[in-house]
>>> print(open('query-v4.txt').read())   # compact mmCIF, C-alpha atoms and all ligand atoms
# COMPACT_ATOMS: atom_id res chain seq x y z
CA MET A 1 -141.36 2.33 125.09
CA GLY A 2 -138.96 1.15 127.83
CA ARG A 3 -136.17 -1.41 128.13
CA THR A 4 -135.90 -4.38 130.44
CA SER A 5 -132.51 -4.55 132.21
CA PRO A 6 -129.85 -6.09 129.94
CA GLY A 7 -128.00 -9.29 131.01
CA PRO A 8 -124.75 -9.82 132.94
CA LEU A 9 -122.46 -7.06 134.22
CA SER A 10 -119.04 -6.18 132.75
CA LEU A 11 -116.29 -3.95 134.04
CA TYR A 12 -113.85 -1.85 131.99
CA ILE A 13 -110.73 -0.27 133.48
CA HIS A 14 -108.83 2.28 131.40
CA ILE A 15 -105.06 2.47 131.90
CA PRO A 16 -103.99 5.73 130.22
CA PHE A 17 -100.21 5.27 129.97
CA CYS A 18 -98.01 4.48 126.96
CA LYS A 19 -94.24 4.49 126.50
CA LYS A 20 -94.71 6.40 123.24
CA ARG A 21 -97.79 7.52 121.31
CA CYS A 22 -98.36 5.78 118.00
CA ALA A 23 -98.93 8.10 115.04
CA TYR A 24 -102.48 6.89 114.32
CA CYS A 25 -103.89 6.53 117.84
CA ASP A 26 -106.42 8.91 119.41
CA PHE A 27 -107.20 6.84 122.50
CA ASN A 28 -107.02 8.68 125.82
CA THR A 29 -103.43 7.87 126.69
CA TYR A 30 -100.28 9.77 127.61
CA ALA A 31 -96.57 9.18 127.07
CA GLY A 32 -94.06 10.21 129.74
CA ALA A 33 -96.64 10.13 132.56
CA GLU A 34 -95.41 6.93 134.23
CA HIS A 35 -94.52 8.90 137.39
CA LEU A 36 -98.31 9.18 137.95
CA ILE A 37 -98.99 5.43 137.93
CA ASP A 38 -98.86 5.06 141.75
CA ASP A 39 -101.26 7.95 142.40
CA PHE A 40 -103.46 6.74 139.56
CA THR A 41 -103.67 3.29 141.17
CA THR A 42 -104.68 4.83 144.49
CA ALA A 43 -107.38 6.92 142.76
CA LEU A 44 -108.63 3.91 140.81
CA VAL A 45 -109.06 1.93 144.03
CA LYS A 46 -111.04 4.85 145.51
CA GLU A 47 -113.26 4.94 142.43
CA ILE A 48 -113.93 1.18 142.65
CA ASN A 49 -114.68 1.43 146.38
CA PHE A 50 -116.96 4.39 145.80
CA VAL A 51 -119.11 2.49 143.28
CA GLY A 52 -118.95 -0.71 145.31
CA LYS A 53 -120.19 0.85 148.54
CA THR A 54 -123.26 2.39 146.85
CA SER A 55 -124.76 -0.92 145.73
CA PRO A 56 -125.03 -4.51 146.92
CA LYS A 57 -122.22 -6.79 145.64
CA GLN A 58 -122.90 -7.54 141.97
CA GLU A 59 -121.46 -10.42 139.94
CA LEU A 60 -119.02 -9.56 137.15
CA ALA A 61 -119.06 -11.70 134.01
CA THR A 62 -116.09 -9.92 132.38
CA ILE A 63 -113.29 -7.55 133.36
CA PHE A 64 -111.23 -5.79 130.69
CA PHE A 65 -108.13 -3.68 131.30
CA GLY A 66 -107.67 -1.56 128.17
CA GLY A 67 -105.49 1.34 127.23
CA GLY A 68 -103.20 2.81 126.76
CA THR A 69 -100.83 0.12 127.80
CA PRO A 70 -102.15 -1.75 130.85
CA SER A 71 -99.01 -3.94 130.82
CA LEU A 72 -97.07 -0.91 132.13
CA LEU A 73 -98.58 -1.59 135.58
CA SER A 74 -96.67 -3.89 137.92
CA ILE A 75 -98.12 -7.16 139.25
CA GLN A 76 -98.22 -5.55 142.72
CA GLN A 77 -100.36 -2.71 141.35
CA PHE A 78 -102.74 -5.24 139.77
CA GLU A 79 -102.93 -7.09 143.11
CA VAL A 80 -104.06 -3.88 144.82
CA ILE A 81 -106.66 -3.22 142.10
CA PHE A 82 -107.98 -6.80 142.22
CA ASP A 83 -108.26 -6.65 146.01
CA ALA A 84 -110.54 -3.63 145.55
CA ILE A 85 -112.56 -5.36 142.82
CA ARG A 86 -112.99 -8.53 144.92
CA SER A 87 -114.02 -6.67 148.03
CA ASN A 88 -116.72 -4.72 146.14
CA PHE A 89 -117.93 -7.23 143.54
CA SER A 90 -118.04 -10.97 143.13
CA ILE A 91 -116.23 -12.30 140.10
CA ALA A 92 -118.15 -15.08 138.34
CA PRO A 93 -116.22 -18.39 138.33
CA TYR A 94 -116.40 -18.42 134.52
CA ALA A 95 -115.47 -14.71 134.16
CA GLU A 96 -113.30 -13.60 131.25
CA ILE A 97 -110.53 -11.32 132.57
CA SER A 98 -108.52 -9.62 129.80
CA LEU A 99 -105.47 -7.43 129.59
CA GLU A 100 -104.28 -5.41 126.61
CA ALA A 101 -100.53 -5.71 126.33
CA ASN A 102 -97.96 -4.17 124.03
CA PRO A 103 -95.35 -6.50 122.63
CA GLY A 104 -91.96 -5.75 124.10
CA THR A 105 -93.24 -4.63 127.52
CA THR A 106 -93.47 -8.06 129.16
CA ASP A 107 -91.50 -11.23 130.04
CA GLU A 108 -92.55 -14.72 131.17
CA SER A 109 -92.47 -13.94 134.90
CA TYR A 110 -94.83 -11.01 134.27
CA PHE A 111 -97.33 -13.31 132.51
CA LEU A 112 -97.07 -15.81 135.39
CA GLY A 113 -97.88 -12.94 137.74
CA LEU A 114 -100.88 -11.97 135.60
CA ILE A 115 -102.26 -15.51 135.82
CA LYS A 116 -101.81 -15.50 139.59
CA VAL A 117 -103.70 -12.24 139.84
CA GLY A 118 -106.60 -13.75 137.84
CA PHE A 119 -106.17 -12.81 134.17
CA ASN A 120 -107.14 -15.47 131.62
CA ARG A 121 -107.01 -13.58 128.31
CA ILE A 122 -104.34 -11.41 126.66
CA SER A 123 -104.78 -9.04 123.72
CA PHE A 124 -101.57 -7.98 121.95
CA GLY A 125 -101.41 -4.89 119.75
CA VAL A 126 -99.43 -6.28 116.81
CA GLN A 127 -100.68 -4.13 113.89
CA SER A 128 -98.21 -5.51 111.31
CA SER A 129 -95.28 -7.88 110.93
CA ASP A 130 -93.61 -5.63 108.37
CA PRO A 131 -90.75 -3.43 109.69
CA VAL A 132 -91.58 -0.56 107.30
CA MET A 133 -95.26 -0.52 108.39
CA LEU A 134 -94.31 -0.72 112.08
CA LYS A 135 -91.97 2.24 111.65
CA PHE A 136 -94.61 4.20 109.75
CA LEU A 137 -97.10 3.59 112.59
CA ASP A 138 -94.47 4.66 115.18
CA ARG A 139 -94.61 1.32 117.01
CA ILE A 140 -91.90 0.72 119.62
CA HIS A 141 -91.43 -2.99 118.78
CA ASP A 142 -90.52 -5.29 115.90
CA PHE A 143 -92.35 -8.48 114.99
CA GLN A 144 -89.81 -10.62 116.88
CA ALA A 145 -91.06 -8.93 120.08
CA VAL A 146 -94.57 -10.14 119.19
CA VAL A 147 -93.32 -13.70 118.70
CA ASP A 148 -91.40 -13.57 122.01
CA SER A 149 -94.28 -12.03 123.98
CA HIS A 150 -96.75 -14.52 122.52
CA GLN A 151 -94.44 -17.41 123.42
CA ASN A 152 -93.96 -16.08 126.95
CA ALA A 153 -97.71 -15.76 127.44
CA ARG A 154 -98.24 -19.32 126.18
CA LYS A 155 -95.46 -20.70 128.41
CA ALA A 156 -97.05 -19.00 131.40
CA GLY A 157 -100.34 -20.75 130.59
CA PHE A 158 -102.48 -18.28 128.60
CA GLU A 159 -104.84 -20.24 126.35
CA ASN A 160 -106.84 -17.32 125.03
CA ILE A 161 -104.78 -14.77 123.09
CA ASN A 162 -105.90 -12.06 120.67
CA LEU A 163 -103.76 -10.26 118.10
CA ASP A 164 -104.81 -6.77 116.87
CA LEU A 165 -103.95 -6.00 113.24
CA ILE A 166 -104.35 -2.99 110.97
CA PHE A 167 -104.89 -2.98 107.19
CA GLY A 168 -105.39 -0.13 104.71
CA ILE A 169 -102.09 1.46 105.76
CA PRO A 170 -100.61 3.80 103.12
CA GLY A 171 -97.89 1.85 101.31
CA GLN A 172 -99.15 -1.53 102.59
CA THR A 173 -99.42 -3.71 99.48
CA MET A 174 -101.65 -6.78 99.35
CA GLN A 175 -98.53 -8.89 99.64
CA VAL A 176 -97.41 -7.11 102.82
CA TRP A 177 -100.88 -7.65 104.35
CA GLN A 178 -100.90 -11.31 103.32
CA SER A 179 -97.50 -11.82 105.00
CA THR A 180 -98.71 -10.12 108.18
CA LEU A 181 -101.73 -12.41 108.36
CA ALA A 182 -99.61 -15.49 107.64
CA ASP A 183 -96.98 -14.49 110.25
CA CYS A 184 -99.68 -13.98 112.88
CA LEU A 185 -101.60 -17.14 112.03
CA ALA A 186 -98.38 -19.13 112.42
CA LEU A 187 -98.66 -18.28 116.13
CA HIS A 188 -102.13 -19.93 116.27
CA PRO A 189 -103.91 -17.16 118.21
CA GLU A 190 -107.42 -17.95 119.44
CA HIS A 191 -108.67 -14.54 118.34
CA ILE A 192 -107.85 -11.93 115.69
CA SER A 193 -109.07 -8.33 115.46
CA ALA A 194 -108.35 -6.57 112.16
CA TYR A 195 -109.18 -2.89 111.70
CA ALA A 196 -109.04 -0.60 108.69
CA LEU A 197 -106.66 2.25 109.51
CA GLY A 198 -108.68 5.29 110.60
CA ILE A 199 -107.25 8.77 110.18
CA GLU A 200 -108.28 10.26 113.51
CA GLU A 201 -108.48 14.02 113.98
CA GLY A 202 -105.50 15.60 115.71
CA THR A 203 -103.17 12.60 115.39
CA PRO A 204 -99.75 12.96 113.71
CA LEU A 205 -101.10 10.73 110.95
CA ASP A 206 -103.92 13.20 110.35
CA LYS A 207 -101.41 16.08 110.09
CA TRP A 208 -99.18 14.18 107.65
CA TYR A 209 -102.24 13.28 105.64
CA SER A 210 -103.68 16.78 105.41
CA LYS A 211 -100.27 18.22 104.45
CA GLY A 212 -100.03 15.64 101.66
CA LEU A 213 -96.88 14.12 103.17
CA ILE A 214 -98.19 10.56 102.85
CA PRO A 215 -100.08 8.85 100.02
CA GLU A 216 -103.89 8.62 100.00
CA ILE A 217 -105.33 5.41 101.43
CA ASP A 218 -106.39 3.21 98.50
CA GLN A 219 -109.94 2.33 99.66
CA ASP A 220 -110.36 -0.37 97.00
CA LEU A 221 -107.16 -2.04 98.13
CA ALA A 222 -108.27 -1.77 101.79
CA ALA A 223 -111.59 -3.47 100.86
CA ASP A 224 -109.65 -6.22 99.03
CA GLN A 225 -107.41 -6.68 102.10
CA PHE A 226 -110.49 -6.99 104.32
CA THR A 227 -112.05 -9.53 101.93
CA TYR A 228 -108.77 -11.47 101.85
CA ALA A 229 -108.78 -11.63 105.68
CA ILE A 230 -112.42 -12.80 105.72
CA GLU A 231 -111.72 -15.60 103.23
CA THR A 232 -108.39 -16.71 104.70
CA LEU A 233 -109.59 -16.80 108.29
CA LYS A 234 -112.73 -18.69 107.30
CA THR A 235 -110.63 -21.37 105.57
CA LEU A 236 -108.61 -21.79 108.76
CA GLY A 237 -111.67 -22.32 110.96
CA TYR A 238 -111.96 -18.87 112.49
CA ASP A 239 -115.49 -17.71 113.17
CA HIS A 240 -116.13 -14.20 111.77
CA TYR A 241 -118.50 -13.14 114.55
CA GLU A 242 -118.18 -9.35 114.46
CA ILE A 243 -117.26 -7.03 111.57
CA SER A 244 -113.61 -6.71 112.74
CA ASN A 245 -113.31 -9.83 114.91
CA TRP A 246 -112.65 -13.52 114.39
CA CYS A 247 -112.21 -16.36 116.88
CA LYS A 248 -111.66 -20.09 117.20
CA PRO A 249 -114.99 -21.82 117.99
CA ASN A 250 -116.71 -20.40 121.09
CA LEU A 251 -113.87 -18.02 121.95
CA GLN A 252 -115.58 -14.71 121.20
CA CYS A 253 -114.41 -11.83 123.38
CA GLN A 254 -117.15 -11.95 126.01
CA HIS A 255 -116.37 -8.43 127.20
CA ASN A 256 -116.77 -6.86 123.77
CA LEU A 257 -119.91 -8.95 123.22
CA SER A 258 -121.43 -7.06 126.13
CA TYR A 259 -120.81 -3.77 124.22
CA TRP A 260 -122.28 -5.14 121.00
CA ARG A 261 -125.31 -6.48 122.86
CA ASN A 262 -125.67 -3.01 124.40
CA GLY A 263 -125.32 -4.51 127.86
CA ASN A 264 -124.37 -3.04 131.22
CA TYR A 265 -120.70 -2.19 131.81
CA LEU A 266 -119.13 -0.18 134.58
CA ALA A 267 -116.16 1.99 133.61
CA PHE A 268 -113.23 3.11 135.73
CA GLY A 269 -110.16 5.22 134.93
CA PRO A 270 -109.57 8.47 133.01
CA GLY A 271 -111.79 8.92 129.95
CA ALA A 272 -113.54 5.56 130.45
CA HIS A 273 -117.12 5.28 129.14
CA GLY A 274 -119.79 3.27 130.97
CA HIS A 275 -123.37 2.18 130.32
CA TYR A 276 -125.70 1.07 133.09
CA ASP A 277 -129.47 0.56 132.74
CA GLY A 278 -129.71 3.21 130.04
CA LEU A 279 -127.38 5.71 131.74
CA ARG A 280 -124.29 6.60 129.69
CA TYR A 281 -121.39 8.26 131.45
CA GLU A 282 -117.83 9.34 130.77
CA ASN A 283 -114.94 10.04 133.13
CA VAL A 284 -112.71 13.11 133.02
CA LYS A 285 -109.85 12.50 130.57
CA SER A 286 -106.79 14.09 132.16
CA ILE A 287 -104.86 11.88 134.60
CA PRO A 288 -104.13 14.66 137.16
CA ALA A 289 -107.78 15.83 137.04
CA TYR A 290 -108.95 12.23 137.54
CA ILE A 291 -106.62 11.73 140.53
CA LYS A 292 -107.66 15.08 142.04
CA SER A 293 -111.38 14.39 141.60
CA LEU A 294 -111.11 11.22 143.68
CA MET A 295 -109.11 12.87 146.48
CA LYS A 296 -112.25 14.72 147.61
CA GLU A 297 -113.82 13.49 150.81
CA ASP A 298 -117.13 15.39 150.50
CA LEU A 299 -118.63 13.15 147.89
CA LYS A 300 -121.72 14.63 146.28
CA GLU A 301 -124.70 12.50 145.33
CA PHE A 302 -124.36 11.06 141.86
CA PRO A 303 -126.68 8.65 140.06
CA TYR A 304 -125.38 5.10 140.28
CA PRO A 305 -122.73 4.21 139.09
CA CYS A 306 -121.23 7.71 138.64
CA THR A 307 -118.49 9.04 140.94
CA PRO A 308 -116.78 12.46 141.31
CA SER A 309 -114.49 11.47 138.41
CA VAL A 310 -117.44 11.58 136.00
CA LEU A 311 -117.34 14.42 133.49
CA ASN A 312 -120.69 13.79 131.79
CA PHE A 313 -123.64 11.51 132.34
CA LYS A 314 -126.88 11.21 130.41
CA PRO A 315 -129.87 8.93 130.80
CA ASN A 316 -130.65 7.65 127.32
CA THR A 317 -134.21 7.81 126.09
CA PRO A 318 -135.66 4.40 125.20
CA GLU A 319 -135.46 5.52 121.54
CA GLU A 320 -131.69 6.19 121.91
CA GLU A 321 -131.23 2.84 123.65
CA LEU A 322 -133.04 1.11 120.80
CA GLU A 323 -130.86 2.83 118.17
CA ASP A 324 -127.72 1.84 120.08
CA SER A 325 -128.97 -1.76 120.32
CA ILE A 326 -129.54 -1.82 116.54
CA MET A 327 -126.20 -0.23 115.62
CA CYS A 328 -124.22 -2.49 117.97
CA GLY A 329 -126.24 -5.65 117.29
CA LEU A 330 -125.87 -5.43 113.52
CA ARG A 331 -122.09 -5.55 113.99
CA LEU A 332 -122.52 -9.13 115.20
CA VAL A 333 -122.46 -10.59 111.73
CA ARG A 334 -123.36 -14.18 112.67
CA GLU A 335 -125.58 -13.66 115.73
CA GLY A 336 -127.32 -10.70 114.07
CA LEU A 337 -130.17 -8.72 115.51
CA ASN A 338 -133.02 -10.80 116.90
CA ILE A 339 -136.15 -8.79 116.22
CA LEU A 340 -138.37 -10.76 118.59
CA GLU A 341 -135.94 -10.14 121.46
CA LEU A 342 -135.82 -6.42 120.67
CA GLU A 343 -139.62 -6.27 120.49
CA LYS A 344 -139.84 -7.92 123.90
CA GLN A 345 -137.13 -5.72 125.47
CA PHE A 346 -138.51 -2.44 124.12
CA GLU A 347 -142.21 -3.33 123.81
CA ILE A 348 -142.37 -2.18 120.19
CA ASP A 349 -143.46 -3.48 116.80
CA PHE A 350 -140.01 -3.39 115.17
CA GLN A 351 -141.10 -4.48 111.73
CA SER A 352 -143.73 -1.85 111.33
CA ILE A 353 -141.31 0.90 112.44
CA TYR A 354 -138.44 -0.18 110.19
CA ARG A 355 -140.27 -1.94 107.30
CA THR A 356 -139.11 0.64 104.70
CA GLN A 357 -135.46 0.47 105.76
CA ILE A 358 -135.42 -3.32 105.91
CA ASP A 359 -137.02 -3.61 102.45
CA LYS A 360 -134.60 -1.07 100.93
CA LEU A 361 -131.48 -2.67 102.46
CA GLN A 362 -132.63 -6.16 101.47
CA LYS A 363 -133.30 -4.96 97.91
CA ASN A 364 -129.81 -3.39 97.77
CA GLY A 365 -128.30 -6.67 98.93
CA LEU A 366 -126.88 -5.23 102.17
CA LEU A 367 -129.09 -6.99 104.69
CA ASN A 368 -130.55 -10.51 105.11
CA PHE A 369 -133.68 -11.22 107.11
CA ASP A 370 -134.24 -14.86 108.13
CA ASN A 371 -136.27 -16.33 110.98
CA ASN A 372 -136.73 -12.94 112.64
CA VAL A 373 -132.98 -12.21 112.62
CA LEU A 374 -131.42 -9.32 110.68
CA ARG A 375 -127.85 -9.83 109.53
CA LEU A 376 -125.45 -7.87 107.32
CA SER A 377 -124.91 -9.59 103.97
CA ASN A 378 -121.33 -10.12 102.69
CA GLN A 379 -121.65 -6.79 100.87
CA GLY A 380 -123.23 -5.20 103.97
CA ILE A 381 -120.19 -6.21 106.05
CA LEU A 382 -118.02 -4.10 103.71
CA LEU A 383 -120.49 -1.19 103.81
CA GLY A 384 -121.61 -1.39 107.45
CA ASN A 385 -121.87 2.39 108.00
CA GLN A 386 -124.26 2.75 105.08
CA VAL A 387 -126.56 0.20 106.74
CA PHE A 388 -126.33 1.70 110.24
CA LEU A 389 -127.22 5.19 108.96
CA GLU A 390 -130.57 3.92 107.68
CA PHE A 391 -131.65 3.09 111.23
CA ILE A 392 -130.73 6.41 112.84
CA ASN A 393 -133.32 9.05 113.74
CA GLU A 394 -136.27 7.04 112.54
CA LEU A 395 -138.15 7.31 115.82
C1 LIG B 401 -106.89 0.52 122.58
S1 LIG B 401 -105.74 0.10 121.38
C2 LIG B 401 -104.59 -0.53 122.58
C3 LIG B 401 -103.67 -1.60 122.17
C4 LIG B 401 -102.29 -1.58 122.78
N1 LIG B 401 -102.03 -0.38 123.52
C5 LIG B 401 -101.26 -1.63 121.67
O1 LIG B 401 -101.24 -0.68 120.89
O2 LIG B 401 -100.49 -2.57 121.59
C6 LIG B 401 -106.51 -1.28 120.63
C7 LIG B 401 -106.30 -1.43 119.16
O3 LIG B 401 -107.00 -0.45 118.42
C8 LIG B 401 -106.46 -0.39 117.12
N2 LIG B 401 -106.39 1.02 116.69
C9 LIG B 401 -106.08 2.08 117.46
N3 LIG B 401 -106.15 3.20 116.71
C10 LIG B 401 -106.52 2.84 115.45
C11 LIG B 401 -106.74 3.53 114.22
N4 LIG B 401 -106.59 4.85 114.14
N5 LIG B 401 -107.12 2.82 113.14
C12 LIG B 401 -107.27 1.48 113.21
N6 LIG B 401 -107.05 0.77 114.34
C13 LIG B 401 -106.68 1.44 115.44
C14 LIG B 401 -105.09 -1.05 117.18
O4 LIG B 401 -105.12 -2.26 116.46
C15 LIG B 401 -104.88 -1.29 118.65
O5 LIG B 401 -104.11 -2.44 118.91
S1 LIG B 402 -102.00 2.12 119.82
FE1 LIG B 402 -101.66 1.33 121.86
S2 LIG B 402 -99.47 1.77 122.29
FE2 LIG B 402 -100.05 3.02 120.59
S3 LIG B 402 -100.60 4.98 121.53
FE3 LIG B 402 -102.51 3.81 121.22
S4 LIG B 402 -102.82 2.78 123.11
FE4 LIG B 402 -100.67 3.46 123.12
>>> encode(input="query-v4.txt", output="structure tokens")
Amino acid sequence: MGRTSPGPLSLYIHIPFCKKRCAYCDFNTYAGAEHLIDDFTTALVKEINFVGKTSPKQELATIFFGGGTPSLLSIQQFEVIFDAIRSNFSIAPYAEISLEANPGTTDESYFLGLIKVGFNRISFGVQSSDPVMLKFLDRIHDFQAVVDSHQNARKAGFENINLDLIFGIPGQTMQVWQSTLADCLALHPEHISAYALGIEEGTPLDKWYSKGLIPEIDQDLAADQFTYAIETLKTLGYDHYEISNWCKPNLQCQHNLSYWRNGNYLAFGPGAHGHYDGLRYENVKSIPAYIKSLMKEDLKEFPYPCTPSVLNFKPNTPEEELEDSIMCGLRLVREGLNILELEKQFEIDFQSIYRTQIDKLQKNGLLNFDNNVLRLSNQGILLGNQVFLEFINEL
């Protein structure tokens, strides 16, 4: 078993700074570290140059600045980073170039600057429109800041905007969730991401939860909130293309599609994860350690596209690549998993390997199988993890 090289190339840049940490978040990000942004930018440029000089110029189909709070960087800092990207890669004329932004950290002139630099998509972390929920989640902004930021981005010319939302928050009634969806939809975003609140280990939320300081999450209510979002967004013409993602026609997040199609993506910045021709790698998490690692002049030999900032790298076996392709591909609820494509890519007989699992999941009403494409059923979308588990460790 092997895998033919997956399609176009994407690039992820992790910006690990936040004004304040939200109670639920376990992303690799630090509050009160803004004094490191200049040195971080210099290190990031070195990392990009290092990867660029070890291969011929490749074309990028997507670039995604995620965080953390990428909107804490100045336009001048983005200019420096984009100069490095352009001198080492070519950016496809159609490329999607996204920035995650926190409401309340930006004004119209900033968005104009972003457009000039090359961005064409903004993703706002909104979470809720309810002041009590926003306070509970430790957010630094109110919903008015979302409305203002959204308006500023529109005025500057952004025509592709995502809003991130969270449901299943303790104390969030169905009515509160319905109002949040309605308030956000009134802004006519092109894209919505809605996630069930996860209690991540080591977060303040986790501590409150284990000490019994906050009510249990009502899982039935969370499932009803998810179902409400699915039905409401469908009525309004949003395409439910991934378990947690909806878009106006043809406006899927191309960058995230490359993850779900188990494609190739380069990763830069502290704690960033990359995947290139079956090699998975992860950068060192701490900002000072990241900066220090890239100050070295005696660069050792690393497999492409790893640099001295890499903490771990591992070539996946074809079996691991296949499992990743299944787990990610099944998340694409409309596109689904094309068995013929997988059989061609991995040179396997998919149906004979997974016949038992497919039959069982179909019988339980969690999976549909039509025209060689496997898709989660409506029930399967609610119970995705149960489906994914069936496909692990079968090889
Ligand atoms: C990488 S975060 C960055 C977004 C941006 N910094 C912000 O908060 O405005 C992307 C999204 O992940 C979601 N998220 C983060 N932690 C989560 C959790 N524990 N449970 C559910 N969703 C979470 C939030 O919706 C968040 O907007
Ligand atoms: S949710 Fe966003 S703003 Fe909050 S800590 Fe995480 S990355 Fe930072």
>>> residues_near_ligand(input="query-v4.txt", ligand="ligand LIG 401 (chain B)", cutoff="8 Å", atoms="only C-alpha atoms and all ligand atoms", output="ChimeraX atom specification")
/A:18,22,24-27,66-70,100-103,123-127,139,163-167,193-200
>>> residues_around(input="query-v4.txt", residues="range 39-47 of chain A", least_positions_apart="4", cutoff="10 Å", atoms="only C-alpha atoms", output="MDAnalysis selection string")
chainID A and resid 13:16 34:35 51:52 73 77:78 80:85 267:270 287:288 290:295 306:309
>>> closest_residue(input="query-v4.txt", among="A:Ile230, A:Asn49, A:Glu242, A:Ser71", to="Phe17 in chain A", atoms="all atoms listed in the file")
A:Ser71
>>> closest_residue(input="query-v4.txt", among="A:Ile115, A:Leu137, A:Ile122, A:Leu382", to="ligand LIG 402 (chain B)", atoms="only C-alpha atoms and all ligand atoms")
A:Leu137
>>> closest_atom_pairs(input="query-v4.txt", of="range 86-116 of chain A", to="range 248-265 of chain A", cutoff="10 Å", atoms="all atoms listed in the file", output="Markdown table")
| residue | atom | partner | partner_atom | distance |
| --- | --- | --- | --- | --- |
| A:Ala95 | CA | A:Gln254 | CA | 8.8 |
| A:Glu96 | CA | A:Gln254 | CA | 6.7 |
| A:Ile97 | CA | A:His255 | CA | 8.4 |
| A:Ser98 | CA | A:His255 | CA | 8.4 |
>>> atom_distance(input="query-v4.txt", atom1="CA of Gln58 in chain A", atom2="CA of Leu266 in chain A")
11.1 Å
>>> closest_residue(input="query-v4.txt", among="A:Gly118, A:Pro189, A:Gly113, A:Pro204", to="ligand LIG 402 (chain B)", atoms="only C-alpha atoms and all ligand atoms")
A:Pro204
>>> atom_distance(input="query-v4.txt", atom1="atom S4 of ligand LIG 402 (chain B)", atom2="CA of Arg21 in chain A")
7.1 Å
>>> residues_around(input="query-v4.txt", residues="Trp246 in chain A", least_positions_apart="6", cutoff="6 Å", atoms="all atoms listed in the file", output="ChimeraX atom specification")
/A:191-192,238-240
>>> closest_residue(input="query-v4.txt", among="A:Ser286, A:Leu383, A:Phe302, A:Leu367", to="Tyr30 in chain A", atoms="all atoms listed in the file")
A:Ser286
>>> atom_distance(input="query-v4.txt", atom1="CA of Ile91 in chain A", atom2="CA of His188 in chain A")
28.7 Å
>>> residues_near_point(input="query-v4.txt", point="(-113.0, 12.5, 132.5)", cutoff="8 Å", atoms="all atoms listed in the file", output="list in words")
Pro270, Gly271, Ala272, Glu282, Asn283, Val284, Lys285, Ser286, Ala289, Tyr290, Ser309, Val310, Leu311 and Asn312 of chain A
>>> closest_residue(input="query-v4.txt", among="A:Leu233, A:Thr173, A:Tyr304, A:His141", to="Pro56 in chain A", atoms="all atoms listed in the file")
A:Tyr304
>>> residues_around(input="query-v4.txt", residues="Tyr281 in chain A", least_positions_apart="2", cutoff="6 Å", atoms="only C-alpha atoms", output="list in words")
His273, Gly274, Asn312 and Phe313 of chain A
>>> closest_atom_pairs(input="query-v4.txt", of="range 220-282 of chain A", to="range 319-323 of chain A", cutoff="10 Å", atoms="all atoms listed in the file", output="Markdown table")
| residue | atom | partner | partner_atom | distance |
| --- | --- | --- | --- | --- |
| A:Asn262 | CA | A:Glu321 | CA | 8.1 |
| A:Asp277 | CA | A:Glu321 | CA | 9.5 |
| A:Gly278 | CA | A:Glu321 | CA | 6.6 |
| A:Leu279 | CA | A:Glu321 | CA | 9.4 |
| A:Arg280 | CA | A:Glu321 | CA | 9.9 |
>>> residues_around(input="query-v4.txt", residues="range 215-228 of chain A", least_positions_apart="4", cutoff="7 Å", atoms="only C-alpha atoms", output="compact mmCIF listing (two decimals) with C-alpha atoms, keeping the file's coordinate frame")
# COMPACT_ATOMS: atom_id res chain seq x y z
CA PHE A 167 -104.89 -2.98 107.19
CA GLY A 168 -105.39 -0.13 104.71
CA ILE A 169 -102.09 1.46 105.76
CA PRO A 170 -100.61 3.80 103.12
CA MET A 174 -101.65 -6.78 99.35
CA TRP A 177 -100.88 -7.65 104.35
CA THR A 232 -108.39 -16.71 104.70
>>> residues_near_point(input="query-v4.txt", point="(-130.8, -1.3, 111.1)", cutoff="6 Å", atoms="all atoms listed in the file", output="PyMOL selection string")
chain A and resi 326+388+391
>>> residues_around(input="query-v4.txt", residues="Leu330 in chain A", least_positions_apart="5", cutoff="8 Å", atoms="all atoms listed in the file", output="MDAnalysis selection string")
chainID A and resid 336:337 374:376 388
>>> closest_residue(input="query-v4.txt", among="A:Gln379, A:Ser10, A:Ser74, A:Thr29", to="ligand LIG 402 (chain B)", atoms="all atoms listed in the file")
A:Thr29
>>> axis_aligned_box(input="query-v4.txt", around="range 156-169 of chain A", padding_each_side="5 Å", output="lines of an AutoDock Vina configuration file")
center_x = -101.9
center_y = -9.6
center_z = 118.1
size_x = 19.8
size_y = 32.2
size_z = 36.7
>>> decode(input="query-v4.txt", residues="range 42-59 of chain A", atoms="C-alpha atoms", output="compact mmCIF listing (two decimals), in the first residue's frame")
# COMPACT_ATOMS: atom_id res chain seq x y z
CA THR A 42 11.82 37.79 12.66
CA ALA A 43 11.93 34.07 13.59
CA LEU A 44 8.87 33.33 11.45
CA VAL A 45 10.53 34.93 8.42
CA LYS A 46 13.64 32.78 9.04
CA GLU A 47 11.48 29.67 9.22
CA ILE A 48 9.73 30.53 5.94
CA ASN A 49 13.07 31.26 4.24
CA PHE A 50 14.53 28.04 5.57
CA VAL A 51 11.75 25.92 4.05
CA GLY A 52 11.67 27.99 0.87
CA LYS A 53 15.37 27.64 0.12
CA THR A 54 15.27 23.83 0.43
CA SER A 55 12.79 23.30 -2.40
CA PRO A 56 11.87 24.82 -5.75
CA LYS A 57 9.15 27.52 -5.54
CA GLN A 58 5.82 25.78 -4.97
CA GLU A 59 2.36 27.24 -5.62
